[in-house]
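**Student:** So here's work_27.cif, just mmCIF, C-alpha atoms:
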data_coords
#
loop_
_atom_site.group_PDB
_atom_site.id
_atom_site.type_symbol
_atom_site.label_atom_id
_atom_site.label_comp_id
_atom_site.auth_asym_id
_atom_site.auth_seq_id
_atom_site.Cartn_x
_atom_site.Cartn_y
_atom_site.Cartn_z
ATOM 1 C CA MET A 1 0.000 0.000 0.000
ATOM 2 C CA MET A 2 1.476 3.312 -1.082
ATOM 3 C CA GLU A 3 1.209 6.394 1.083
ATOM 4 C CA VAL A 4 2.064 9.722 -0.483
ATOM 5 C CA GLN A 5 3.628 12.497 1.541
ATOM 6 C CA THR A 6 0.447 14.571 1.705
ATOM 7 C CA ALA A 7 -1.629 11.679 3.002
ATOM 8 C CA SER A 8 0.946 10.687 5.590
ATOM 9 C CA LYS A 9 0.891 14.211 7.034
ATOM 10 C CA SER A 10 -2.888 14.359 7.293
ATOM 11 C CA ARG A 11 -5.140 13.294 10.151
ATOM 12 C CA LEU A 12 -7.418 11.465 7.735
ATOM 13 C CA GLY A 13 -4.443 9.560 6.315
ATOM 14 C CA GLY A 14 -3.514 8.392 9.797
ATOM 15 C CA LEU A 15 -7.119 7.419 10.478
ATOM 16 C CA ILE A 16 -7.336 5.375 7.281
ATOM 17 C CA ASN A 17 -4.026 3.644 8.084
ATOM 18 C CA SER A 18 -5.310 2.675 11.518
ATOM 19 C CA TYR A 19 -8.473 1.108 10.048
ATOM 20 C CA TYR A 20 -6.757 -0.440 7.014
ATOM 21 C CA PRO A 21 -6.180 -3.977 8.431
ATOM 22 C CA SER A 22 -9.865 -4.267 9.430
ATOM 23 C CA LEU A 23 -11.201 -3.269 5.988
ATOM 24 C CA THR A 24 -12.368 -5.770 3.397
ATOM 25 C CA LYS A 25 -10.254 -6.206 0.260
ATOM 26 C CA SER A 26 -12.623 -4.016 -1.742
ATOM 27 C CA GLU A 27 -12.571 -1.324 0.930
ATOM 28 C CA GLN A 28 -8.770 -1.512 1.041
ATOM 29 C CA LYS A 29 -8.721 -0.720 -2.678
ATOM 30 C CA VAL A 30 -10.677 2.461 -1.930
ATOM 31 C CA ALA A 31 -8.338 3.294 0.979
ATOM 32 C CA SER A 32 -5.256 2.859 -1.224
ATOM 33 C CA VAL A 33 -6.621 5.194 -3.897
ATOM 34 C CA VAL A 34 -7.423 7.828 -1.270
ATOM 35 C CA LEU A 35 -3.958 7.598 0.289
ATOM 36 C CA GLU A 36 -2.217 7.719 -3.080
ATOM 37 C CA GLN A 37 -4.346 10.432 -4.697
ATOM 38 C CA MET A 38 -5.862 12.429 -1.857
ATOM 39 C CA GLU A 39 -5.683 15.779 -3.667
ATOM 40 C CA LYS A 40 -7.429 14.291 -6.716
ATOM 41 C CA VAL A 41 -10.031 12.423 -4.647
ATOM 42 C CA LEU A 42 -11.111 15.744 -3.139
ATOM 43 C CA TYR A 43 -12.707 16.580 -6.502
ATOM 44 C CA TYR A 44 -14.026 13.088 -7.315
ATOM 45 C CA SER A 45 -17.710 12.272 -7.233
ATOM 46 C CA VAL A 46 -18.621 9.026 -5.459
ATOM 47 C CA THR A 47 -18.961 7.470 -8.912
ATOM 48 C CA ASP A 48 -15.508 8.683 -9.950
ATOM 49 C CA LEU A 49 -13.835 7.211 -6.851
ATOM 50 C CA ALA A 50 -15.667 3.915 -7.313
ATOM 51 C CA ASP A 51 -14.464 3.724 -10.922
ATOM 52 C CA VAL A 52 -10.840 4.515 -10.087
ATOM 53 C CA ALA A 53 -10.823 1.979 -7.237
ATOM 54 C CA GLU A 54 -12.686 -0.525 -9.459
ATOM 55 C CA VAL A 55 -15.395 -1.145 -6.874
ATOM 56 C CA GLY A 56 -19.101 -0.342 -6.543
ATOM 57 C CA GLU A 57 -20.454 2.927 -5.147
ATOM 58 C CA THR A 58 -21.854 1.054 -2.127
ATOM 59 C CA THR A 59 -18.317 -0.085 -1.275
ATOM 60 C CA VAL A 60 -17.145 3.536 -1.219
ATOM 61 C CA LEU A 61 -20.016 4.505 1.080
ATOM 62 C CA ARG A 62 -19.320 1.495 3.306
ATOM 63 C CA PHE A 63 -15.652 2.510 3.491
ATOM 64 C CA CYS A 64 -16.644 6.006 4.649
ATOM 65 C CA ARG A 65 -18.786 4.565 7.443
ATOM 66 C CA LYS A 66 -16.091 2.069 8.425
ATOM 67 C CA ILE A 67 -13.654 4.903 9.197
ATOM 68 C CA GLY A 68 -16.279 6.677 11.321
ATOM 69 C CA LEU A 69 -17.785 9.150 8.842
ATOM 70 C CA LYS A 70 -21.497 9.483 8.080
ATOM 71 C CA GLY A 71 -21.186 9.546 4.299
ATOM 72 C CA TYR A 72 -19.230 10.589 1.234
ATOM 73 C CA GLN A 73 -19.705 14.334 1.623
ATOM 74 C CA GLU A 74 -18.435 14.248 5.221
ATOM 75 C CA PHE A 75 -15.496 12.189 3.947
ATOM 76 C CA LYS A 76 -14.678 14.864 1.323
ATOM 77 C CA LEU A 77 -15.032 17.575 3.966
ATOM 78 C CA ALA A 78 -12.453 15.737 6.105
ATOM 79 C CA ILE A 79 -10.061 15.656 3.127
ATOM 80 C CA ALA A 80 -10.621 19.356 2.435
ATOM 81 C CA LYS A 81 -9.913 20.295 6.064
ATOM 82 C CA ASP A 82 -6.718 18.235 6.107
ATOM 83 C CA LEU A 83 -5.399 19.624 2.828
ATOM 84 C CA SER A 84 -6.337 23.134 3.882
ATOM 85 C CA SER A 85 -4.258 22.771 7.076
ATOM 86 C CA ILE A 86 -1.287 21.409 5.133
ATOM 87 C CA ASN A 87 -1.483 24.155 2.504
ATOM 88 C CA HIS A 88 -1.848 26.788 5.227
ATOM 89 C CA GLU A 89 1.439 25.644 6.758
ATOM 90 C CA LYS A 90 3.133 25.925 3.363
ATOM 91 C CA GLU A 91 1.755 29.411 2.772
ATOM 92 C CA HIS A 92 2.763 30.497 6.267
ATOM 93 C CA ASN A 93 6.388 29.828 5.398
ATOM 94 C CA LYS A 94 6.287 31.963 2.260
ATOM 95 C CA SER A 95 7.252 35.626 2.097
ATOM 96 C CA GLU A 96 4.459 38.184 2.597
ATOM 97 C CA GLU A 97 5.814 40.179 -0.352
ATOM 98 C CA ASN A 98 3.476 40.577 -3.390
ATOM 99 C CA LYS A 99 0.608 38.768 -1.640
ATOM 100 C CA PRO A 100 -2.125 41.242 -2.714
ATOM 101 C CA ALA A 101 -1.077 40.988 -6.370
ATOM 102 C CA SER A 102 -0.874 37.205 -6.265
ATOM 103 C CA LEU A 103 -4.324 37.023 -4.651
ATOM 104 C CA VAL A 104 -5.910 39.118 -7.397
ATOM 105 C CA ALA A 105 -4.148 37.141 -10.136
ATOM 106 C CA SER A 106 -5.112 33.820 -8.554
ATOM 107 C CA ILE A 107 -8.826 34.677 -8.376
ATOM 108 C CA ALA A 108 -8.817 36.082 -11.919
ATOM 109 C CA ASN A 109 -7.072 32.983 -13.275
ATOM 110 C CA ASN A 110 -9.480 30.635 -11.483
ATOM 111 C CA THR A 111 -12.424 32.441 -13.045
ATOM 112 C CA LYS A 112 -10.891 32.415 -16.529
ATOM 113 C CA ASN A 113 -9.957 28.755 -16.172
ATOM 114 C CA ALA A 114 -13.558 27.873 -15.258
ATOM 115 C CA ILE A 115 -14.799 29.415 -18.533
ATOM 116 C CA ASP A 116 -12.029 27.724 -20.560
ATOM 117 C CA GLU A 117 -12.768 24.386 -18.897
ATOM 118 C CA THR A 118 -16.461 24.739 -19.738
ATOM 119 C CA MET A 119 -15.617 25.482 -23.376
ATOM 120 C CA ASN A 120 -13.350 22.416 -23.541
ATOM 121 C CA LYS A 121 -16.134 20.217 -22.143
ATOM 122 C CA LEU A 122 -18.733 21.608 -24.551
ATOM 123 C CA ASN A 123 -20.401 19.181 -26.924
ATOM 124 C CA GLN A 124 -22.042 21.148 -29.741
ATOM 125 C CA GLU A 125 -24.423 18.331 -30.625
ATOM 126 C CA THR A 126 -25.665 18.191 -27.018
ATOM 127 C CA LEU A 127 -26.046 21.973 -26.897
ATOM 128 C CA ASP A 128 -28.100 21.940 -30.104
ATOM 129 C CA GLY A 129 -30.236 19.088 -28.757
ATOM 130 C CA ILE A 130 -30.990 20.971 -25.547
ATOM 131 C CA ILE A 131 -31.930 24.130 -27.440
ATOM 132 C CA GLU A 132 -34.342 22.172 -29.655
ATOM 133 C CA LEU A 133 -35.868 20.544 -26.574
ATOM 134 C CA LEU A 134 -36.350 23.916 -24.872
ATOM 135 C CA LEU A 135 -37.950 25.418 -27.998
ATOM 136 C CA LYS A 136 -40.682 22.767 -27.849
ATOM 137 C CA ALA A 137 -41.220 22.988 -24.078
ATOM 138 C CA LYS A 138 -44.528 24.124 -22.629
ATOM 139 C CA SER A 139 -42.670 25.346 -19.547
ATOM 140 C CA ILE A 140 -39.035 25.463 -18.409
ATOM 141 C CA GLN A 141 -38.309 24.894 -14.720
ATOM 142 C CA PHE A 142 -34.955 25.555 -13.052
ATOM 143 C CA PHE A 143 -34.254 23.471 -9.930
ATOM 144 C CA GLY A 144 -31.318 24.264 -7.656
ATOM 145 C CA VAL A 145 -30.521 24.869 -3.986
ATOM 146 C CA GLY A 146 -27.862 26.949 -2.279
ATOM 147 C CA THR A 147 -25.587 28.709 -4.760
ATOM 148 C CA SER A 148 -27.113 26.728 -7.617
ATOM 149 C CA GLY A 149 -30.466 28.126 -6.493
ATOM 150 C CA LEU A 150 -29.137 31.635 -7.072
ATOM 151 C CA THR A 151 -28.071 30.582 -10.570
ATOM 152 C CA ALA A 152 -31.580 29.184 -11.121
ATOM 153 C CA LEU A 153 -33.102 32.562 -10.216
ATOM 154 C CA ASP A 154 -30.741 34.348 -12.588
ATOM 155 C CA ALA A 155 -31.599 31.847 -15.341
ATOM 156 C CA LYS A 156 -35.319 32.504 -14.874
ATOM 157 C CA ASN A 157 -34.681 36.236 -15.221
ATOM 158 C CA ARG A 158 -32.685 35.727 -18.431
ATOM 159 C CA PHE A 159 -35.228 33.394 -20.023
ATOM 160 C CA LEU A 160 -38.203 35.624 -19.141
ATOM 161 C CA ARG A 161 -36.572 38.606 -20.823
ATOM 162 C CA PHE A 162 -36.470 36.613 -24.067
ATOM 163 C CA GLY A 163 -40.125 35.609 -23.683
ATOM 164 C CA PHE A 164 -39.707 32.001 -22.616
ATOM 165 C CA ARG A 165 -42.151 30.773 -19.976
ATOM 166 C CA SER A 166 -39.896 29.729 -17.117
ATOM 167 C CA ASP A 167 -39.685 29.531 -13.356
ATOM 168 C CA ALA A 168 -37.006 28.931 -10.722
ATOM 169 C CA VAL A 169 -37.827 26.734 -7.739
ATOM 170 C CA ILE A 170 -35.196 26.765 -5.008
ATOM 171 C CA ASP A 171 -37.143 25.435 -2.014
ATOM 172 C CA PRO A 172 -36.874 21.593 -1.845
ATOM 173 C CA HIS A 173 -40.513 21.135 -0.793
ATOM 174 C CA LEU A 174 -41.788 23.401 -3.558
ATOM 175 C CA GLN A 175 -39.487 21.627 -6.000
ATOM 176 C CA SER A 176 -41.094 18.281 -5.166
ATOM 177 C CA MET A 177 -44.626 19.667 -5.444
ATOM 178 C CA THR A 178 -43.826 21.444 -8.711
ATOM 179 C CA ALA A 179 -42.232 18.275 -10.091
ATOM 180 C CA ALA A 180 -45.405 16.328 -9.353
ATOM 181 C CA THR A 181 -47.450 18.706 -11.557
ATOM 182 C CA LEU A 182 -45.222 18.455 -14.644
ATOM 183 C CA GLY A 183 -45.799 16.386 -17.761
ATOM 184 C CA GLN A 184 -44.274 15.318 -21.070
ATOM 185 C CA GLU A 185 -44.264 18.839 -22.535
ATOM 186 C CA ASP A 186 -42.283 20.301 -19.632
ATOM 187 C CA VAL A 187 -38.509 20.530 -19.205
ATOM 188 C CA VAL A 188 -36.626 20.741 -15.905
ATOM 189 C CA ILE A 189 -33.048 22.028 -15.784
ATOM 190 C CA GLY A 190 -31.317 20.717 -12.652
ATOM 191 C CA LEU A 191 -28.327 22.708 -11.426
ATOM 192 C CA SER A 192 -25.757 21.057 -9.150
ATOM 193 C CA VAL A 193 -21.974 21.525 -9.255
ATOM 194 C CA SER A 194 -21.385 18.296 -7.340
ATOM 195 C CA GLY A 195 -24.081 16.382 -9.190
ATOM 196 C CA SER A 196 -24.955 14.837 -5.821
ATOM 197 C CA THR A 197 -27.319 17.394 -4.260
ATOM 198 C CA LYS A 198 -29.948 15.129 -2.702
ATOM 199 C CA ASP A 199 -32.832 17.629 -2.606
ATOM 200 C CA THR A 200 -32.448 18.505 -6.282
ATOM 201 C CA ILE A 201 -32.017 14.885 -7.376
ATOM 202 C CA ASP A 202 -35.076 13.747 -5.386
ATOM 203 C CA SER A 203 -37.182 16.413 -7.098
ATOM 204 C CA LEU A 204 -35.815 15.530 -10.536
ATOM 205 C CA LYS A 205 -36.793 11.889 -9.948
ATOM 206 C CA ILE A 206 -40.384 12.955 -9.317
ATOM 207 C CA ALA A 207 -40.380 15.130 -12.449
ATOM 208 C CA LYS A 208 -38.991 12.291 -14.552
ATOM 209 C CA GLU A 209 -41.575 9.835 -13.203
ATOM 210 C CA ASN A 210 -44.263 12.259 -14.376
ATOM 211 C CA GLY A 211 -42.835 12.392 -17.894
ATOM 212 C CA ALA A 212 -40.879 15.662 -17.839
ATOM 213 C CA LYS A 213 -37.591 15.899 -19.736
ATOM 214 C CA ILE A 214 -34.522 16.423 -17.531
ATOM 215 C CA ILE A 215 -31.446 18.507 -18.370
ATOM 216 C CA ALA A 216 -28.518 18.487 -15.929
ATOM 217 C CA ILE A 217 -25.886 21.203 -15.575
ATOM 218 C CA THR A 218 -23.043 19.871 -13.425
ATOM 219 C CA TYR A 219 -19.279 19.611 -13.148
ATOM 220 C CA TYR A 220 -19.178 15.828 -12.920
ATOM 221 C CA ALA A 221 -19.919 13.743 -16.019
ATOM 222 C CA ARG A 222 -20.395 10.678 -13.814
ATOM 223 C CA SER A 223 -22.594 11.593 -10.859
ATOM 224 C CA PRO A 224 -26.112 10.769 -9.609
ATOM 225 C CA ILE A 225 -27.721 13.718 -11.421
ATOM 226 C CA THR A 226 -26.395 12.641 -14.838
ATOM 227 C CA LYS A 227 -27.986 9.203 -14.431
ATOM 228 C CA LEU A 228 -31.405 10.892 -14.333
ATOM 229 C CA ALA A 229 -30.823 13.373 -17.128
ATOM 230 C CA ASP A 230 -31.923 13.062 -20.739
ATOM 231 C CA LEU A 231 -29.184 15.532 -21.696
ATOM 232 C CA VAL A 232 -26.169 16.837 -19.763
ATOM 233 C CA MET A 233 -24.214 20.093 -20.015
ATOM 234 C CA LEU A 234 -20.889 20.048 -18.181
ATOM 235 C CA SER A 235 -19.624 23.221 -16.528
ATOM 236 C CA GLY A 236 -16.127 24.030 -15.284
ATOM 237 C CA GLY A 237 -15.093 25.362 -11.898
ATOM 238 C CA LYS A 238 -14.759 22.394 -9.572
ATOM 239 C CA GLU A 239 -15.045 23.097 -5.856
ATOM 240 C CA SER A 240 -14.224 21.282 -2.647
ATOM 241 C CA PRO A 241 -16.634 21.144 0.339
ATOM 242 C CA LEU A 242 -14.769 24.110 1.850
ATOM 243 C CA GLU A 243 -15.216 26.102 -1.371
ATOM 244 C CA GLY A 244 -18.994 25.808 -1.631
ATOM 245 C CA GLY A 245 -20.412 28.759 -3.546
ATOM 246 C CA SER A 246 -17.122 29.536 -5.280
ATOM 247 C CA LEU A 247 -17.264 32.383 -7.789
ATOM 248 C CA ALA A 248 -15.572 30.311 -10.511
ATOM 249 C CA ALA A 249 -18.141 27.507 -10.320
ATOM 250 C CA LYS A 250 -21.042 29.984 -10.339
ATOM 251 C CA ILE A 251 -19.668 31.881 -13.332
ATOM 252 C CA ALA A 252 -19.250 28.588 -15.214
ATOM 253 C CA GLN A 253 -22.928 27.787 -14.537
ATOM 254 C CA LEU A 254 -23.986 31.246 -15.706
ATOM 255 C CA PHE A 255 -21.887 30.812 -18.842
ATOM 256 C CA VAL A 256 -23.825 27.641 -19.687
ATOM 257 C CA ILE A 257 -27.135 29.432 -19.024
ATOM 258 C CA ASP A 258 -26.025 32.233 -21.341
ATOM 259 C CA LEU A 259 -25.193 29.700 -24.068
ATOM 260 C CA LEU A 260 -28.681 28.191 -23.808
ATOM 261 C CA CYS A 261 -30.492 31.511 -23.645
ATOM 262 C CA THR A 262 -28.570 33.062 -26.530
ATOM 263 C CA GLY A 263 -28.987 29.882 -28.565
ATOM 264 C CA LEU A 264 -32.757 30.086 -28.107
ATOM 265 C CA ALA A 265 -32.775 33.779 -29.008
ATOM 266 C CA VAL A 266 -30.874 33.113 -32.240
ATOM 267 C CA LYS A 267 -33.378 30.413 -33.216
ATOM 268 C CA GLN A 268 -36.301 32.833 -32.718
ATOM 269 C CA LYS A 269 -34.633 36.161 -33.447
ATOM 270 C CA GLU A 270 -37.662 38.347 -34.211
ATOM 271 C CA TYR A 271 -39.733 36.961 -31.340
ATOM 272 C CA SER A 272 -36.844 37.315 -28.883
ATOM 273 C CA LEU A 273 -36.129 40.905 -29.907
ATOM 274 C CA SER A 274 -39.790 41.887 -29.527
ATOM 275 C CA MET A 275 -39.997 40.206 -26.110
ATOM 276 C CA LYS A 276 -36.798 41.891 -24.934
ATOM 277 C CA GLU A 277 -38.377 45.235 -25.800
ATOM 278 C CA LYS A 278 -41.681 44.330 -24.124
ATOM 279 C CA THR A 279 -40.056 43.140 -20.906
ATOM 280 C CA ALA A 280 -37.775 46.175 -20.847
ATOM 281 C CA ARG A 281 -40.786 48.500 -21.208
ATOM 282 C CA ALA A 282 -42.593 46.609 -18.434
ATOM 283 C CA VAL A 283 -39.990 47.729 -15.884
ATOM 284 C CA ILE A 284 -38.951 51.056 -17.392
ATOM 285 C CA GLU A 285 -41.048 53.024 -14.894
ATOM 286 C CA LYS A 286 -39.253 51.322 -12.017
ATOM 287 C CA ILE A 287 -35.918 52.937 -12.943
ATOM 288 C CA TYR A 288 -35.165 56.632 -12.325
#
Could you quickly redo this structure as C-alpha cells?
**Tutor:**
Amino acid sequence: MMEVQTASKSRLGGLINSYYPSLTKSEQKVASVVLEQMEKVLYYSVTDLADVAEVGETTVLRFCRKIGLKGYQEFKLAIAKDLSSINHEKEHNKSEENKPASLVASIANNTKNAIDETMNKLNQETLDGIIELLLKAKSIQFFGVGTSGLTALDAKNRFLRFGFRSDAVIDPHLQSMTAATLGQEDVVIGLSVSGSTKDTIDSLKIAKENGAKIIAITYYARSPITKLADLVMLSGGKESPLEGGSLAAKIAQLFVIDLLCTGLAVKQKEYSLSMKEKTARAVIEKIY
C-alpha cells in the first residue's frame, strides 16, 4: 500500500491507516486510492472514486462509514480540512511580499480557467439538442438549492426577458410539489456543481416519473444527477466542500445558461427581440 507524503501528514491519512487492516479487500482498494491520490479524490464524485478503485459505489459509502464518517460528503469535507491545514502551513512559510497581487491574479485565473474548462467540455451536438428541446417545451423549470439556487433565479430572469415561460424553484418542498405537476411537454433544468445534491435529485426523480424531460448542468460527467438526465451540459469550476459557492463555479454555470439563452434567441430572433423590448418596457417606470 502506497502512502504519499500529503496523506501521511494528514489526520485522515492516519485514520485510514489505523483502520486499514480491518477493511475488506474491496474497501482496502478504496483506501489505497485515497492515500495515493488524496488531492485528486477531493474533486471526485462518489462514482468517480468507485471507478478509479474498481469497486461499486456502495463499497465507497461502506468505506466512509467504516472509518467513522457518516457519508461521502463528510469524507470529502475531512479531506478538504486536512489539505487546507497542510497548505496553510506551506503558505505560512512563504514571504508576505506581493501577496495582494498574487491574490488578485489567482482569483482572476481561477475564473478564466472555469470558462475555458467549460468550453473544452462543450459538446455542440448536445447543446443543439438541448436548445431544440427547450424550444418545444410548454414550460421550463430551473431546480437548484444553495448557490445553484441563485443561478436558477438568474436563469429565470434571463429566459423571461427573451419571452420564454420559465420559473425557478429553489425550495426543496416546492421543488417536489412542482415536479409532481409536470408532464411530457415540460422541461426541468437541474443545477448542481457536485451532481450529488440530494434535494435537487429527489425532485428531478419525481419530475422524470411524471414524464418531464430532464437537463442536468453539473461539473461531474459521472454523478447521480447525470444518471437521471436526458441531456447533460458540463460546466467548469470544480469546488471542494470548503469552497462551496465559489465564484468560478457559479460563473461557469452562468456561462452555460447564457449559451442556452442566446442559442434560443438566435433560433427565434424576431420573437426574442420583440420580447426583450416588451419586458424592458414593463420595468422602465421602475428605474429613475
**Student:** Show me a table, sorted first by chain and then by increasing residue number, of the residues of stretch 68-154 of chain A having an atom at most 12 Å from stretch 13-16 of chain A, each with its shortest atom pair and the distance in Å to one decimal, counting all atoms listed in the file and written as a tab-separated table.
**Tutor:**
residue	atom	partner	partner_atom	distance
A:Gly68	CA	A:Leu15	CA	9.2
A:Leu69	CA	A:Leu15	CA	10.9
A:Phe75	CA	A:Ile16	CA	11.1
A:Ala78	CA	A:Gly13	CA	10.1
A:Ile79	CA	A:Gly13	CA	8.9
A:Asp82	CA	A:Gly13	CA	9.0
A:Leu83	CA	A:Gly13	CA	10.7
**Student:** Since we have the selection now, will you write its residues out, keeping C-alpha atoms, as an mmCIF file, keeping the file's coordinate frame?
**Tutor:**
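In the end it all went to out_38.cif:
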data_model
loop_
_atom_site.group_PDB
_atom_site.id
_atom_site.type_symbol
_atom_site.label_atom_id
_atom_site.label_comp_id
_atom_site.auth_asym_id
_atom_site.auth_seq_id
_atom_site.Cartn_x
_atom_site.Cartn_y
_atom_site.Cartn_z
ATOM 1 C CA GLY A 68 -16.279 6.677 11.321
ATOM 2 C CA LEU A 69 -17.785 9.150 8.842
ATOM 3 C CA PHE A 75 -15.496 12.189 3.947
ATOM 4 C CA ALA A 78 -12.453 15.737 6.105
ATOM 5 C CA ILE A 79 -10.061 15.656 3.127
ATOM 6 C CA ASP A 82 -6.718 18.235 6.107
ATOM 7 C CA LEU A 83 -5.399 19.624 2.828
#
**Student:** If you measure from atom CA of A:Thr118 to atom CA of A:Leu153, what distance in Å do you get, rounded to one decimal?
**Tutor:**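 Atom CA of A:Leu153 lies 20.7 Å from atom CA of A:Thr118.
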**Student:** What does the distance from atom CA of A:Phe162 to atom CA of A:Asn120 come to in Å, to one decimal?
**Tutor:** 27.1 Å
**Student:** Mind checking which residues fall within 12 Å of A:Ser18, counting only C-alpha atoms, ignoring those fewer than 3 positions away in the same chain, and posting them as a count of residues only?
**Tutor:** 14
**Student:** Compile the contact shell of stretch 42-45 of chain A as a list of chain:residue names: residues with an atom at most 8 Å away, counting all atoms listed in the file, same-chain residues fewer than 3 positions apart removed.
**Tutor:**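 Non-adjacent residues within range: A:Met38, A:Glu39, A:Asp48, A:Leu49, A:Lys76, A:Ile79, A:Ala80, A:Ser194, A:Gly195, A:Ser196, A:Tyr220, A:Arg222, A:Ser223, A:Lys238, A:Glu239, A:Ser240.
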**Student:** Since I can't run it myself right now, could you work out what the PyMOL selection byres ((chain A and resi 158) around 12) selects here and report it as a ChimeraX atom specification?
**Tutor:** /A:142,151-157,159-168,254-255,257-262,264-265,272,275-276,279-280
**Student:** Take the point (-41.0, 10.7, -17.0) in the file's coordinates, draw a sphere of radius 12 Å around it, and report as a list of chain:residue names every protein, DNA or RNA residue with an atom inside or on it, counting only C-alpha atoms.
**Tutor:**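 Output: A:Ala179, A:Ala180, A:Thr181, A:Leu182, A:Gly183, A:Gln184, A:Glu185, A:Asp186, A:Val187, A:Val188, A:Leu204, A:Lys205, A:Ile206, A:Ala207, A:Lys208, A:Glu209, A:Asn210, A:Gly211, A:Ala212, A:Lys213, A:Ile214, A:Leu228, A:Ala229, A:Asp230.
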**Student:** Using only C-alpha atoms, which residues sit within 9 Å of A:Gln268 once same-chain residues fewer than 5 positions away are excluded, as a CSV table (one decimal) with C-alpha atoms, keeping the file's coordinate frame?
**Tutor:**
chain,number,residue,atom,x,y,z
A,135,LEU,CA,-38.0,25.4,-28.0
A,263,GLY,CA,-29.0,29.9,-28.6
A,273,LEU,CA,-36.1,40.9,-29.9
**Student:** Tell me which protein, DNA and RNA residues are within 12 Å of A:Glu117, counting all atoms listed in the file, leaving out same-chain ones fewer than 6 positions away, and put them as a list in words.
**Tutor:**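 Listing them by chain and then by number gives Asn109, Asn110, Thr111, Tyr219, Leu234, Ser235, Gly236, Gly237, Lys238, Ala248, Ala249, Ile251, Ala252, Gln253, Phe255 and Val256 of chain A.
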**Student:** For the point (-16.4, -2.4, -1.7) in file coordinates, what residues are within 12 Å, counting all atoms listed in the file? Give the answer as a list in words?
**Tutor:**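 Answer for this query, in the requested form: Leu23, Thr24, Lys25, Ser26, Glu27, Gln28, Lys29, Val30, Ala31, Leu49, Ala50, Asp51, Ala53, Glu54, Val55, Gly56, Glu57, Thr58, Thr59, Val60, Leu61, Arg62, Phe63, Cys64, Arg65 and Lys66 of chain A.
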**Student:** So that I have them on file, write out the residues from the current selection with C-alpha atoms, as a PDB file, in the coordinates of the input.
**Tutor:**
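Contents of again.pdb, as written:
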ATOM      1  CA  LEU A  23     -11.201  -3.269   5.988  1.00  0.00           C
ATOM      2  CA  THR A  24     -12.368  -5.770   3.397  1.00  0.00           C
ATOM      3  CA  LYS A  25     -10.254  -6.206   0.260  1.00  0.00           C
ATOM      4  CA  SER A  26     -12.623  -4.016  -1.742  1.00  0.00           C
ATOM      5  CA  GLU A  27     -12.571  -1.324   0.930  1.00  0.00           C
ATOM      6  CA  GLN A  28      -8.770  -1.512   1.041  1.00  0.00           C
ATOM      7  CA  LYS A  29      -8.721  -0.720  -2.678  1.00  0.00           C
ATOM      8  CA  VAL A  30     -10.677   2.461  -1.930  1.00  0.00           C
ATOM      9  CA  ALA A  31      -8.338   3.294   0.979  1.00  0.00           C
ATOM     10  CA  LEU A  49     -13.835   7.211  -6.851  1.00  0.00           C
ATOM     11  CA  ALA A  50     -15.667   3.915  -7.313  1.00  0.00           C
ATOM     12  CA  ASP A  51     -14.464   3.724 -10.922  1.00  0.00           C
ATOM     13  CA  ALA A  53     -10.823   1.979  -7.237  1.00  0.00           C
ATOM     14  CA  GLU A  54     -12.686  -0.525  -9.459  1.00  0.00           C
ATOM     15  CA  VAL A  55     -15.395  -1.145  -6.874  1.00  0.00           C
ATOM     16  CA  GLY A  56     -19.101  -0.342  -6.543  1.00  0.00           C
ATOM     17  CA  GLU A  57     -20.454   2.927  -5.147  1.00  0.00           C
ATOM     18  CA  THR A  58     -21.854   1.054  -2.127  1.00  0.00           C
ATOM     19  CA  THR A  59     -18.317  -0.085  -1.275  1.00  0.00           C
ATOM     20  CA  VAL A  60     -17.145   3.536  -1.219  1.00  0.00           C
ATOM     21  CA  LEU A  61     -20.016   4.505   1.080  1.00  0.00           C
ATOM     22  CA  ARG A  62     -19.320   1.495   3.306  1.00  0.00           C
ATOM     23  CA  PHE A  63     -15.652   2.510   3.491  1.00  0.00           C
ATOM     24  CA  CYS A  64     -16.644   6.006   4.649  1.00  0.00           C
ATOM     25  CA  ARG A  65     -18.786   4.565   7.443  1.00  0.00           C
ATOM     26  CA  LYS A  66     -16.091   2.069   8.425  1.00  0.00           C
TER      27      LYS A  66
END
**Student:** For the atom pair atom CA of A:Lys121 and atom CA of A:Ala221, what is the interatomic distance in Å to one decimal place?
**Tutor:**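 Atom CA of A:Lys121 sits 9.7 Å away from atom CA of A:Ala221.
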**Student:** Could you check which of A:Lys250, A:Lys112, A:Lys136, A:Arg281 is closest to A:Ser148, using all atoms listed in the file?
**Tutor:** A:Lys250
**Student:** Kindly indicate which residue among A:Tyr271, A:Tyr20, A:Phe143, A:Tyr72 lies nearest to A:Asp199, using all atoms listed in the file for the distances.
**Tutor:**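 Smallest separation from A:Asp199 among the options: A:Phe143.
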